[in-house]
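Let me begin by presenting the structure, written as structure tokens, before commenting on it.
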Amino acid sequence: MLRSGAALLVTEAFPSRHGRSLAKELNIETVPISRLGKANLASDPSLIFDVDLAQAPVVHQLKSLLATKGEGCRIFLVDPNLATSVARARSLGADVLLPTGGTARDIQIALRQHFGLSGHGADPVTQSVDDGVKALDMTFRALSESAALDTEGVLDAGGRISDAIRGGGTEEWLATVRGYHMGTFQHCMLVTGVAAGFGIRTGMARNDVVMLTTTGLLHDIGKANVPLELLDKPGALTDAEAMIVRRHPVDGADYLDAHSAVDAGIRRSVRHHHEYLDGSGYPDGLSGGQIDDLTRILTICDIYAALVERRSYKPAKSPAQAMIILEAMASAGKVEKSLVRALGKIMAPG
């Protein structure tokens, strides 16, 4: 069983340009070494260290914090020509040593190998996860650059994912995602997997499953415009910060309207996946029959995935706990009861 923790990039007080680039490419949280504490390690994240191990106080601090070894992968970026730093990294329980210029791809490969995953996506499940992440990276970059979306590429990824889940099961696919993807991309992938599983298990035609799966991939594309520190903020957002985050459905839908050929139903769901049946959602305050079936399904998949996702600042809910929350929301008239019941049967253990 693969672990479901997130990952942290531990840096100096002022991260290097390379460190900032890694954090952006991997879409993970950065923590200065001076602020690293037990709370950061509570969820047993994978840890990537871009710090100077020649400094004795740094090593002393890490020895205390890293005394207990969990399942998370420990990756140290060190100069291989500095024997002292290499030895200190190993003494701190390094699972992987990479050169100081190690790339995001090097880190992803190391994480895959640590968690027993194929480095080249040889099996259909792992290959489809890679396809999905590549599609997400492409769509986020395209929105940031106001470039045309490779619509066929995204739909192809949606088809590969839905077919892999049909063959291997939802839980195996979700476990693979949890094993080595993190941050906003992990959330998007979890929503995608839950949505695909819902479509398959409820007997939808393949074309409809692919549409639902692709909607899961694209639903949070607008978050490409949201600063990373807000997406990963552990505490409550201020009103101003919440307004920035809440723009993502509109930003995503507006981008797809202008730069893609995706189905109008997908574009509607991207805009409306935070709407509730009682009219209390955003951005348009829709209610009841104004919210279409595709969006209603995506909304409960999005909520479920967010609840069962473990982040560095929050523990994951169990599937049963997540369903209790969704059932309460259905009873309150926010989401559709019949869809919640169907999801509960699909995500039940065993």
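Chain identifiers are assigned as A, B, and so on, following the order in which chains appear in the structure tokens; residues are numbered from 1 within each chain, and ligands are numbered from 1 in order of appearance.
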
Near-region 187-193 of chain A list (6 Å; only C-alpha atoms; drop same-chain fewer than 5 positions) as JSON, numbers by chain: {"A": [213, 216, 217, 301, 302, 305]}

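Note that DSSP on the backbone gives strand (DSSP E or B) to these residues of region 79-209 of chain A: A:Val96, A:Leu97, A:Leu98, A:Pro99.
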
Separation of CA of Val59 (chain A) from CA of Gly19 (chain A), in Å and rounded to one decimal: 19.1 Å

Long-range neighbours of Leu149 (chain A) as a CSV table (one decimal) with C-alpha atoms, in the first residue's frame, 6 Å cut-off, only C-alpha atoms, 2 positions minimum in chain:
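New file selection.csv:
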chain,number,residue,atom,x,y,z
A,151,THR,CA,-7.7,19.9,-26.4
A,259,HIS,CA,-8.5,29.2,-25.9
A,260,SER,CA,-9.9,25.6,-26.2

Taking the backbone alone, and naming residues the way the document does, which bits of region 288-350 of chain A are alpha helix (DSSP H) by DSSP, as JSON, numbers by chain? {"A": [293, 294, 295, 296, 297, 298, 299, 300, 301, 302, 303, 304, 305, 306, 307, 308, 319, 320, 321, 322, 323, 324, 325, 326, 327, 328, 329, 330, 331, 337, 338, 339, 340, 341, 342, 343, 344, 345, 346, 347]}

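Compared by their closest atoms to Ala94 (chain A), and using only C-alpha atoms, the residues A:Asp79, A:Pro57, A:Pro124, A:Phe49 rank with A:Phe49 nearest.
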
CA of Val125 (chain A) to CA of Leu174 (chain A), straight-line distance in Å: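 If I compute the distance from CA of Leu174 (chain A) to CA of Val125 (chain A), I get 9.6 Å.
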
Shell of 10 Å around Asp284 (chain A), only C-alpha atoms, local chain residues under 5 positions omitted, as a list in words: Val250, Arg271, His272, His274, Glu275 and Gly279 of chain A

Which is closer to Gly222 (chain A) than all the others in A:Asp163, A:Asp95, A:Asp254, A:Glu327, using only C-alpha atoms? A:Asp254

What lies within 9 Å of Arg166 (chain A) using only C-alpha atoms, ignoring chain neighbours under 4 positions off, as a list in words?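 These residues fall inside the cut-off: Ile161, Ser162, Thr170, Ala196, Gly197, Ile200 and Arg201 of chain A.
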
Nearby residues (only C-alpha atoms) at most 9 Å from region 339-350 of chain A, same-chain spacing under 4 positions excluded, as a PyMOL selection string: chain A and resi 170-171+194+197-198+201-202+296-297+300-301+319-320+323+326-327+330+335

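Remark: for Asp257 (chain A), the closest of the candidate residues A:Val154, A:Thr184, A:Ala148, A:Leu97 is A:Ala148 (distances computed over only C-alpha atoms).
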
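Using only C-alpha atoms, the nearest neighbour of Asp150 (chain A) within the list A:Asp50, A:Leu256, A:Ala67, A:Ser34 is A:Leu256.
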
One residue among A:Leu8, A:Ser144, A:Leu111, A:Ala328 is nearest to Leu36 (chain A) when using only C-alpha atoms, and that residue is A:Leu8
